[in-house]
>>> print(open('my_file-v9.pdb').read())   # PDB, C-alpha atoms, pLDDT in the B column
ATOM      1  CA  MET A   1     159.824  17.982 181.009  1.00 35.00           C
ATOM      2  CA  ALA A   2     158.527  20.615 183.331  1.00 34.00           C
ATOM      3  CA  CYS A   3     160.044  23.990 182.788  1.00 35.00           C
ATOM      4  CA  SER A   4     160.155  26.729 185.311  1.00 37.00           C
ATOM      5  CA  THR A   5     161.930  29.960 186.015  1.00 39.00           C
ATOM      6  CA  SER A   6     162.250  31.971 189.151  1.00 40.00           C
ATOM      7  CA  GLN A   7     160.287  34.665 187.358  1.00 45.00           C
ATOM      8  CA  GLY A   8     157.434  32.457 186.216  1.00 43.00           C
ATOM      9  CA  ALA A   9     156.822  30.602 183.009  1.00 40.00           C
ATOM     10  CA  SER A  10     155.557  33.406 180.827  1.00 46.00           C
ATOM     11  CA  ARG A  11     158.783  35.220 180.245  1.00 51.00           C
ATOM     12  CA  GLY A  12     160.196  33.874 177.038  1.00 79.00           C
ATOM     13  CA  LEU A  13     159.856  36.216 174.076  1.00 87.00           C
ATOM     14  CA  ALA A  14     162.313  34.390 171.882  1.00 88.00           C
ATOM     15  CA  GLY A  15     161.812  35.089 168.206  1.00 88.00           C
ATOM     16  CA  LEU A  16     159.514  38.044 168.756  1.00 93.00           C
ATOM     17  CA  ARG A  17     160.520  41.294 167.048  1.00 95.00           C
ATOM     18  CA  ILE A  18     159.381  44.237 169.131  1.00 96.00           C
ATOM     19  CA  PHE A  19     159.533  47.825 167.990  1.00 97.00           C
ATOM     20  CA  VAL A  20     159.765  50.336 170.835  1.00 96.00           C
ATOM     21  CA  ALA A  21     158.947  54.025 170.443  1.00 96.00           C
ATOM     22  CA  GLU A  22     159.617  55.816 173.715  1.00 95.00           C
ATOM     23  CA  ASP A  23     161.031  59.278 174.219  1.00 93.00           C
ATOM     24  CA  GLU A  24     161.880  58.895 177.883  1.00 92.00           C
ATOM     25  CA  LEU A  25     165.501  57.760 177.847  1.00 93.00           C
ATOM     26  CA  PHE A  26     165.509  55.715 181.038  1.00 94.00           C
ATOM     27  CA  ILE A  27     162.218  53.977 180.380  1.00 92.00           C
ATOM     28  CA  ALA A  28     163.319  53.155 176.841  1.00 94.00           C
ATOM     29  CA  MET A  29     166.676  51.844 178.002  1.00 93.00           C
ATOM     30  CA  ASP A  30     165.199  49.771 180.805  1.00 91.00           C
ATOM     31  CA  LEU A  31     162.442  48.313 178.655  1.00 90.00           C
ATOM     32  CA  ALA A  32     164.768  47.476 175.770  1.00 92.00           C
ATOM     33  CA  ASP A  33     167.283  45.812 178.085  1.00 89.00           C
ATOM     34  CA  SER A  34     164.565  43.789 179.750  1.00 87.00           C
ATOM     35  CA  LEU A  35     163.073  42.652 176.453  1.00 90.00           C
ATOM     36  CA  ARG A  36     166.494  41.576 175.233  1.00 91.00           C
ATOM     37  CA  ALA A  37     166.996  39.682 178.471  1.00 89.00           C
ATOM     38  CA  LEU A  38     163.789  37.852 177.577  1.00 89.00           C
ATOM     39  CA  HIS A  39     165.300  37.026 174.187  1.00 91.00           C
ATOM     40  CA  ALA A  40     163.134  39.358 172.152  1.00 93.00           C
ATOM     41  CA  GLU A  41     164.656  41.218 169.251  1.00 96.00           C
ATOM     42  CA  VAL A  42     164.252  44.926 169.934  1.00 97.00           C
ATOM     43  CA  ILE A  43     163.918  47.402 167.081  1.00 97.00           C
ATOM     44  CA  GLY A  44     164.703  50.855 168.414  1.00 94.00           C
ATOM     45  CA  PRO A  45     164.008  52.381 170.794  1.00 96.00           C
ATOM     46  CA  ALA A  46     162.980  55.359 168.700  1.00 97.00           C
ATOM     47  CA  ALA A  47     162.728  58.643 170.566  1.00 96.00           C
ATOM     48  CA  THR A  48     161.148  60.681 167.775  1.00 96.00           C
ATOM     49  CA  LEU A  49     158.596  60.148 165.044  1.00 96.00           C
ATOM     50  CA  ALA A  50     161.296  60.609 162.409  1.00 96.00           C
ATOM     51  CA  GLU A  51     163.482  57.954 164.026  1.00 96.00           C
ATOM     52  CA  ALA A  52     160.500  55.630 164.243  1.00 96.00           C
ATOM     53  CA  ARG A  53     159.650  56.098 160.574  1.00 95.00           C
ATOM     54  CA  ALA A  54     163.239  55.492 159.551  1.00 96.00           C
ATOM     55  CA  LEU A  55     163.451  52.272 161.545  1.00 96.00           C
ATOM     56  CA  LEU A  56     160.098  50.982 160.322  1.00 95.00           C
ATOM     57  CA  ALA A  57     160.999  51.723 156.729  1.00 93.00           C
ATOM     58  CA  SER A  58     163.614  49.010 156.834  1.00 93.00           C
ATOM     59  CA  ASP A  59     162.322  46.657 159.514  1.00 92.00           C
ATOM     60  CA  ARG A  60     159.010  44.963 160.085  1.00 93.00           C
ATOM     61  CA  PRO A  61     158.312  44.066 163.719  1.00 95.00           C
ATOM     62  CA  ASP A  62     155.720  41.618 165.044  1.00 94.00           C
ATOM     63  CA  VAL A  63     154.475  44.166 167.507  1.00 94.00           C
ATOM     64  CA  ALA A  64     154.997  47.881 168.095  1.00 96.00           C
ATOM     65  CA  VAL A  65     155.004  49.357 171.577  1.00 95.00           C
ATOM     66  CA  LEU A  66     154.227  53.024 171.226  1.00 95.00           C
ATOM     67  CA  ASP A  67     154.324  55.858 173.690  1.00 93.00           C
ATOM     68  CA  VAL A  68     151.475  58.068 172.503  1.00 93.00           C
ATOM     69  CA  LYS A  69     153.682  61.158 172.585  1.00 92.00           C
ATOM     70  CA  LEU A  70     157.203  61.332 171.249  1.00 94.00           C
ATOM     71  CA  GLY A  71     158.423  64.713 172.369  1.00 92.00           C
ATOM     72  CA  ALA A  72     155.778  67.137 171.159  1.00 93.00           C
ATOM     73  CA  GLU A  73     154.597  64.814 168.401  1.00 94.00           C
ATOM     74  CA  SER A  74     151.728  62.403 168.479  1.00 93.00           C
ATOM     75  CA  VAL A  75     152.548  58.831 167.508  1.00 94.00           C
ATOM     76  CA  TYR A  76     149.227  58.196 165.752  1.00 93.00           C
ATOM     77  CA  PRO A  77     150.489  58.817 162.210  1.00 92.00           C
ATOM     78  CA  LEU A  78     152.518  55.636 162.664  1.00 93.00           C
ATOM     79  CA  VAL A  79     149.547  53.546 163.689  1.00 93.00           C
ATOM     80  CA  GLU A  80     147.788  53.484 160.334  1.00 89.00           C
ATOM     81  CA  ALA A  81     150.961  52.404 158.574  1.00 89.00           C
ATOM     82  CA  LEU A  82     151.554  49.685 161.153  1.00 92.00           C
ATOM     83  CA  ARG A  83     147.982  48.444 160.836  1.00 88.00           C
ATOM     84  CA  ARG A  84     148.319  48.255 157.058  1.00 88.00           C
ATOM     85  CA  GLN A  85     151.367  46.069 157.569  1.00 88.00           C
ATOM     86  CA  ARG A  86     149.392  43.950 160.048  1.00 89.00           C
ATOM     87  CA  VAL A  87     151.767  44.849 162.853  1.00 93.00           C
ATOM     88  CA  SER A  88     150.190  44.560 166.293  1.00 93.00           C
ATOM     89  CA  VAL A  89     150.182  47.761 168.303  1.00 93.00           C
ATOM     90  CA  LEU A  90     150.354  48.283 172.040  1.00 94.00           C
ATOM     91  CA  PHE A  91     150.108  51.785 173.436  1.00 94.00           C
ATOM     92  CA  ALA A  92     152.081  52.548 176.575  1.00 91.00           C
ATOM     93  CA  SER A  93     151.459  55.898 178.145  1.00 89.00           C
ATOM     94  CA  GLY A  94     151.145  57.771 181.379  1.00 87.00           C
ATOM     95  CA  TYR A  95     148.328  59.877 179.963  1.00 84.00           C
ATOM     96  CA  GLY A  96     145.599  57.268 180.327  1.00 84.00           C
ATOM     97  CA  ARG A  97     143.407  55.597 177.743  1.00 87.00           C
ATOM     98  CA  ASP A  98     141.040  58.554 177.575  1.00 87.00           C
ATOM     99  CA  ALA A  99     143.802  60.556 175.930  1.00 86.00           C
ATOM    100  CA  VAL A 100     143.799  58.153 172.988  1.00 91.00           C
ATOM    101  CA  PRO A 101     141.603  59.260 170.069  1.00 92.00           C
ATOM    102  CA  ALA A 102     138.388  57.256 169.738  1.00 92.00           C
ATOM    103  CA  GLU A 103     139.474  55.551 166.531  1.00 92.00           C
ATOM    104  CA  TYR A 104     142.410  53.942 168.320  1.00 92.00           C
ATOM    105  CA  ARG A 105     140.768  53.017 171.597  1.00 91.00           C
ATOM    106  CA  ASP A 106     140.212  49.455 170.465  1.00 89.00           C
ATOM    107  CA  LEU A 107     143.966  48.941 170.580  1.00 91.00           C
ATOM    108  CA  PRO A 108     145.553  47.509 173.714  1.00 92.00           C
ATOM    109  CA  PHE A 109     146.738  50.114 176.175  1.00 94.00           C
ATOM    110  CA  LEU A 110     149.160  49.878 179.064  1.00 91.00           C
ATOM    111  CA  SER A 111     149.342  52.593 181.697  1.00 90.00           C
ATOM    112  CA  LYS A 112     152.727  53.746 182.889  1.00 86.00           C
ATOM    113  CA  PRO A 113     154.380  52.988 185.143  1.00 85.00           C
ATOM    114  CA  PHE A 114     154.242  49.250 184.510  1.00 85.00           C
ATOM    115  CA  GLY A 115     156.252  46.200 185.466  1.00 84.00           C
ATOM    116  CA  ILE A 116     157.630  43.631 183.062  1.00 84.00           C
ATOM    117  CA  ASP A 117     155.030  40.979 183.929  1.00 84.00           C
ATOM    118  CA  GLU A 118     152.235  43.386 183.166  1.00 87.00           C
ATOM    119  CA  PHE A 119     154.011  44.364 179.988  1.00 88.00           C
ATOM    120  CA  VAL A 120     154.409  40.792 178.781  1.00 87.00           C
ATOM    121  CA  ARG A 121     150.726  40.104 179.415  1.00 88.00           C
ATOM    122  CA  ALA A 122     149.743  43.206 177.449  1.00 90.00           C
ATOM    123  CA  LEU A 123     152.030  42.121 174.641  1.00 89.00           C
ATOM    124  CA  GLY A 124     150.170  38.826 174.393  1.00 88.00           C
ATOM    125  CA  VAL A 125     146.860  40.687 174.293  1.00 89.00           C
ATOM    126  CA  ALA A 126     148.148  42.993 171.566  1.00 89.00           C
ATOM    127  CA  LEU A 127     149.263  40.102 169.398  1.00 88.00           C
ATOM    128  CA  ALA A 128     146.094  38.112 169.921  1.00 86.00           C
ATOM    129  CA  SER A 129     143.763  41.057 169.417  1.00 77.00           C
ATOM    130  CA  ALA A 130     145.358  41.883 166.096  1.00 68.00           C
ATOM    131  CA  ASN A 131     144.493  38.332 165.066  1.00 57.00           C
ATOM    132  CA  ARG A 132     148.045  37.747 164.038  1.00 48.00           C
ATOM    133  CA  ALA A 133     150.026  34.937 165.488  1.00 42.00           C
ATOM    134  CA  ARG A 134     148.845  33.649 168.798  1.00 43.00           C
ATOM    135  CA  VAL A 135     151.842  33.888 171.008  1.00 47.00           C
ATOM    136  CA  ARG A 136     152.910  31.075 173.201  1.00 49.00           C
ATOM    137  CA  LEU A 137     155.264  32.692 175.664  1.00 51.00           C
ATOM    138  CA  VAL A 138     157.785  30.018 176.448  1.00 47.00           C
ATOM    139  CA  PRO A 139     159.933  29.722 179.548  1.00 45.00           C
ATOM    140  CA  ILE A 140     163.327  31.220 178.909  1.00 45.00           C
ATOM    141  CA  ASP A 141     165.435  28.427 180.290  1.00 46.00           C
ATOM    142  CA  CYS A 142     164.017  25.479 178.396  1.00 39.00           C
ATOM    143  CA  GLY A 143     166.456  25.679 175.532  1.00 41.00           C
ATOM    144  CA  GLN A 144     163.642  25.947 173.009  1.00 44.00           C
ATOM    145  CA  ASP A 145     165.108  27.840 170.143  1.00 44.00           C
ATOM    146  CA  GLY A 146     163.401  28.413 166.873  1.00 42.00           C
ATOM    147  CA  ASP A 147     160.163  29.969 165.895  1.00 43.00           C
ATOM    148  CA  ASP A 148     157.577  27.867 167.659  1.00 43.00           C
ATOM    149  CA  ARG A 149     155.609  30.754 169.021  1.00 43.00           C
ATOM    150  CA  THR A 150     152.727  30.638 166.610  1.00 42.00           C
ATOM    151  CA  ASP A 151     149.725  28.416 166.487  1.00 42.00           C
ATOM    152  CA  PRO A 152     147.967  28.175 163.184  1.00 41.00           C
ATOM    153  CA  ALA A 153     144.507  29.641 163.595  1.00 37.00           C
TER     154      ALA A 153
ATOM    155  CA  MET B 154     173.901  44.821 172.035  1.00 37.00           C
ATOM    156  CA  SER B 155     176.821  46.919 173.192  1.00 36.00           C
ATOM    157  CA  GLY B 156     176.711  47.458 176.909  1.00 38.00           C
ATOM    158  CA  PHE B 157     173.882  44.989 177.348  1.00 36.00           C
ATOM    159  CA  ASP B 158     174.199  42.930 180.467  1.00 39.00           C
ATOM    160  CA  PRO B 159     172.278  39.661 180.177  1.00 39.00           C
ATOM    161  CA  HIS B 160     172.028  39.556 183.960  1.00 41.00           C
ATOM    162  CA  TYR B 161     170.417  42.954 184.087  1.00 39.00           C
ATOM    163  CA  PRO B 162     167.363  42.933 186.334  1.00 39.00           C
ATOM    164  CA  GLN B 163     163.972  42.956 184.681  1.00 50.00           C
ATOM    165  CA  ALA B 164     162.203  46.189 183.809  1.00 57.00           C
ATOM    166  CA  HIS B 165     161.303  48.355 186.706  1.00 60.00           C
ATOM    167  CA  SER B 166     158.346  50.533 187.048  1.00 70.00           C
ATOM    168  CA  PHE B 167     159.971  53.897 187.586  1.00 83.00           C
ATOM    169  CA  ASP B 168     157.726  56.563 188.987  1.00 86.00           C
ATOM    170  CA  PRO B 169     157.951  60.119 187.640  1.00 88.00           C
ATOM    171  CA  ASP B 170     160.014  61.312 190.634  1.00 92.00           C
ATOM    172  CA  THR B 171     162.617  58.623 190.056  1.00 93.00           C
ATOM    173  CA  ILE B 172     162.794  59.445 186.368  1.00 93.00           C
ATOM    174  CA  ASP B 173     163.221  63.119 187.225  1.00 94.00           C
ATOM    175  CA  LEU B 174     165.989  62.195 189.656  1.00 96.00           C
ATOM    176  CA  MET B 175     167.824  60.133 187.028  1.00 96.00           C
ATOM    177  CA  LEU B 176     167.498  62.860 184.415  1.00 96.00           C
ATOM    178  CA  ALA B 177     168.695  65.537 186.831  1.00 96.00           C
ATOM    179  CA  VAL B 178     171.794  63.539 187.756  1.00 96.00           C
ATOM    180  CA  LEU B 179     172.463  62.707 184.116  1.00 96.00           C
ATOM    181  CA  ASP B 180     172.146  66.330 183.016  1.00 96.00           C
ATOM    182  CA  ASP B 181     174.232  67.562 185.922  1.00 95.00           C
ATOM    183  CA  VAL B 182     177.093  65.118 185.423  1.00 95.00           C
ATOM    184  CA  SER B 183     176.981  65.409 181.631  1.00 95.00           C
ATOM    185  CA  CYS B 184     177.197  69.176 181.883  1.00 94.00           C
ATOM    186  CA  THR B 185     180.034  69.058 184.415  1.00 93.00           C
ATOM    187  CA  LEU B 186     182.021  66.661 182.241  1.00 92.00           C
ATOM    188  CA  GLY B 187     181.100  68.241 178.929  1.00 93.00           C
ATOM    189  CA  ALA B 188     180.020  64.738 177.957  1.00 92.00           C
ATOM    190  CA  ASP B 189     179.446  63.815 174.326  1.00 93.00           C
ATOM    191  CA  GLU B 190     176.516  61.605 173.285  1.00 91.00           C
ATOM    192  CA  SER B 191     178.467  58.414 173.750  1.00 92.00           C
ATOM    193  CA  THR B 192     179.601  59.329 177.254  1.00 92.00           C
ATOM    194  CA  ARG B 193     176.108  60.527 178.118  1.00 93.00           C
ATOM    195  CA  SER B 194     174.702  57.203 177.012  1.00 92.00           C
ATOM    196  CA  ARG B 195     177.215  55.304 179.170  1.00 92.00           C
ATOM    197  CA  LEU B 196     176.403  57.528 182.133  1.00 94.00           C
ATOM    198  CA  ALA B 197     172.692  56.946 181.610  1.00 95.00           C
ATOM    199  CA  ARG B 198     173.200  53.201 181.690  1.00 93.00           C
ATOM    200  CA  ARG B 199     175.218  53.448 184.907  1.00 95.00           C
ATOM    201  CA  ILE B 200     172.607  55.657 186.524  1.00 96.00           C
ATOM    202  CA  LEU B 201     169.896  53.225 185.511  1.00 94.00           C
ATOM    203  CA  SER B 202     171.874  50.359 186.959  1.00 93.00           C
ATOM    204  CA  ALA B 203     172.504  52.196 190.250  1.00 95.00           C
ATOM    205  CA  VAL B 204     168.865  53.238 190.611  1.00 94.00           C
ATOM    206  CA  THR B 205     167.697  49.742 189.764  1.00 90.00           C
ATOM    207  CA  SER B 206     169.920  48.541 192.595  1.00 91.00           C
ATOM    208  CA  GLY B 207     168.077  50.853 194.936  1.00 91.00           C
ATOM    209  CA  GLU B 208     170.168  54.008 195.026  1.00 93.00           C
ATOM    210  CA  ARG B 209     168.015  57.135 195.240  1.00 93.00           C
ATOM    211  CA  ASP B 210     170.366  59.646 196.812  1.00 95.00           C
ATOM    212  CA  PRO B 211     171.250  62.281 194.199  1.00 95.00           C
ATOM    213  CA  ALA B 212     174.558  63.209 195.839  1.00 96.00           C
ATOM    214  CA  ARG B 213     175.739  59.599 195.962  1.00 96.00           C
ATOM    215  CA  LEU B 214     174.548  58.985 192.423  1.00 96.00           C
ATOM    216  CA  ARG B 215     176.373  62.042 191.203  1.00 96.00           C
ATOM    217  CA  ALA B 216     179.560  61.079 193.060  1.00 95.00           C
ATOM    218  CA  ASP B 217     179.368  57.544 191.653  1.00 93.00           C
ATOM    219  CA  MET B 218     178.981  58.866 188.140  1.00 94.00           C
ATOM    220  CA  MET B 219     181.877  61.275 188.516  1.00 93.00           C
ATOM    221  CA  ARG B 220     184.054  58.454 189.860  1.00 90.00           C
ATOM    222  CA  SER B 221     183.068  56.156 187.031  1.00 86.00           C
ATOM    223  CA  ALA B 222     183.818  58.838 184.479  1.00 81.00           C
ATOM    224  CA  ALA B 223     187.254  59.373 186.009  1.00 77.00           C
ATOM    225  CA  ASN B 224     188.127  55.687 185.704  1.00 73.00           C
TER     226      ASN B 224
END
>>> encode(input="my_file-v9.pdb", output="structure tokens")
Amino acid sequence: MACSTSQGASRGLAGLRIFVAEDELFIAMDLADSLRALHAEVIGPAATLAEARALLASDRPDVAVLDVKLGAESVYPLVEALRRQRVSVLFASGYGRDAVPAEYRDLPFLSKPFGIDEFVRALGVALASANRARVRLVPIDCGQDGDDRTDPA
Amino acid sequence: MSGFDPHYPQAHSFDPDTIDLMLAVLDDVSCTLGADESTRSRLARRILSAVTSGERDPARLRADMMRSAAN
């Protein structure tokens, strides 16, 4: 059966656990709401490094979306821990990729401001580039529940 | 999921000026009301909703927020 949505067919994030670290209240709120509307499970948003650490101590996401600066703090101390746990990382920042230290420039980067379509595409890149699960983003109105988002490599 | 509206429009790409506008209105109204964190969070969500719907006038946003707080 053909599935379609008014927003396109690449919107479903059902079953995906997404950690969001973003210190800008309105961006965090808007992004989290939108991800939930796409059926993702949102962990956070965390506005500080301490909040992020606390959340990640008890929860393991599939992918982490990280603003490179949380207040005055750099988010990079989190990245090593996330990599060790094989959590995909996507940077989202208004600073530009050049602001990212060289050792992290291989990680996917999304420039702010961004729209949700752009974000979802970057999310797919982040998951694929980490060689974790390949994500099949399913249409949201097909009634496909369950964890069918991974293809065995 | 408290306060989450499943019909909420998809994420918007807010430019820095719009974010500054939202923060200014939030700070202004929160200060006027002596809002606690919970009230501030509710106000933020209402501001986000209004701006997402196209409102950009700070005076109207502020008036809307004051009205909503009074109700």
>>> closest_residue(input="my_file-v9.pdb", among="A:Ser88, A:Ser74, A:Ser111, A:Ser129", to="chain B", atoms="only C-alpha atoms")
A:Ser111
>>> closest_residue(input="my_file-v9.pdb", among="A:Glu24, A:Ala32, A:Ala46, A:Arg17", to="Arg60 in chain A", atoms="only C-alpha atoms")
A:Arg17
>>> interface_residues(input="my_file-v9.pdb", of="chain A", to="chain B", cutoff="7 Å", atoms="all atoms listed in the file", output="JSON, numbers by chain")
{"A": [26, 30, 31, 33, 34, 37, 113, 114, 115, 116]}
>>> atom_distance(input="my_file-v9.pdb", atom1="CA of Asp180 in chain B", atom2="CA of Arg193 in chain B")
8.6 Å
>>> residues_around(input="my_file-v9.pdb", residues="Leu174 in chain B", least_positions_apart="3", cutoff="8 Å", atoms="only C-alpha atoms", output="VMD selection string")
chain B and resid 170 to 171 177 to 178 209 211
>>> resolve_selection(input="my_file-v9.pdb", expression="the PyMOL selection byres ((chain A and resi 82) around 12)", output="list in words")
Phe19, Ala52, Arg53, Leu56, Ala57, Asp59, Arg60, Pro61, Asp62, Val63, Ala64, Val65, Leu66, Val75, Tyr76, Pro77, Leu78, Val79, Glu80, Ala81, Arg83, Arg84, Gln85, Arg86, Val87, Ser88, Val89, Leu90 and Ala130 of chain A
>>> residues_around(input="my_file-v9.pdb", residues="Arg213 in chain B", least_positions_apart="5", cutoff="10 Å", atoms="only C-alpha atoms", output="ChimeraX atom specification")
/B:178,203,208,218-219
>>> closest_residue(input="my_file-v9.pdb", among="A:Asp23, A:Leu110, A:Arg36, A:Met29", to="Ala50 in chain A", atoms="only C-alpha atoms")
A:Asp23
>>> resolve_selection(input="my_file-v9.pdb", expression="the PyMOL selection byres ((chain A and resi 47) around 9)", output="ChimeraX atom specification")
/A:20-25,28,44-46,48-52,70-71
>>> atom_distance(input="my_file-v9.pdb", atom1="CA of Leu186 in chain B", atom2="CA of Asn224 in chain B")
13.0 Å
>>> closest_residue(input="my_file-v9.pdb", among="A:Ala122, A:Ile43, A:Gly12, A:Val68", to="Pro101 in chain A", atoms="all atoms listed in the file")
A:Val68
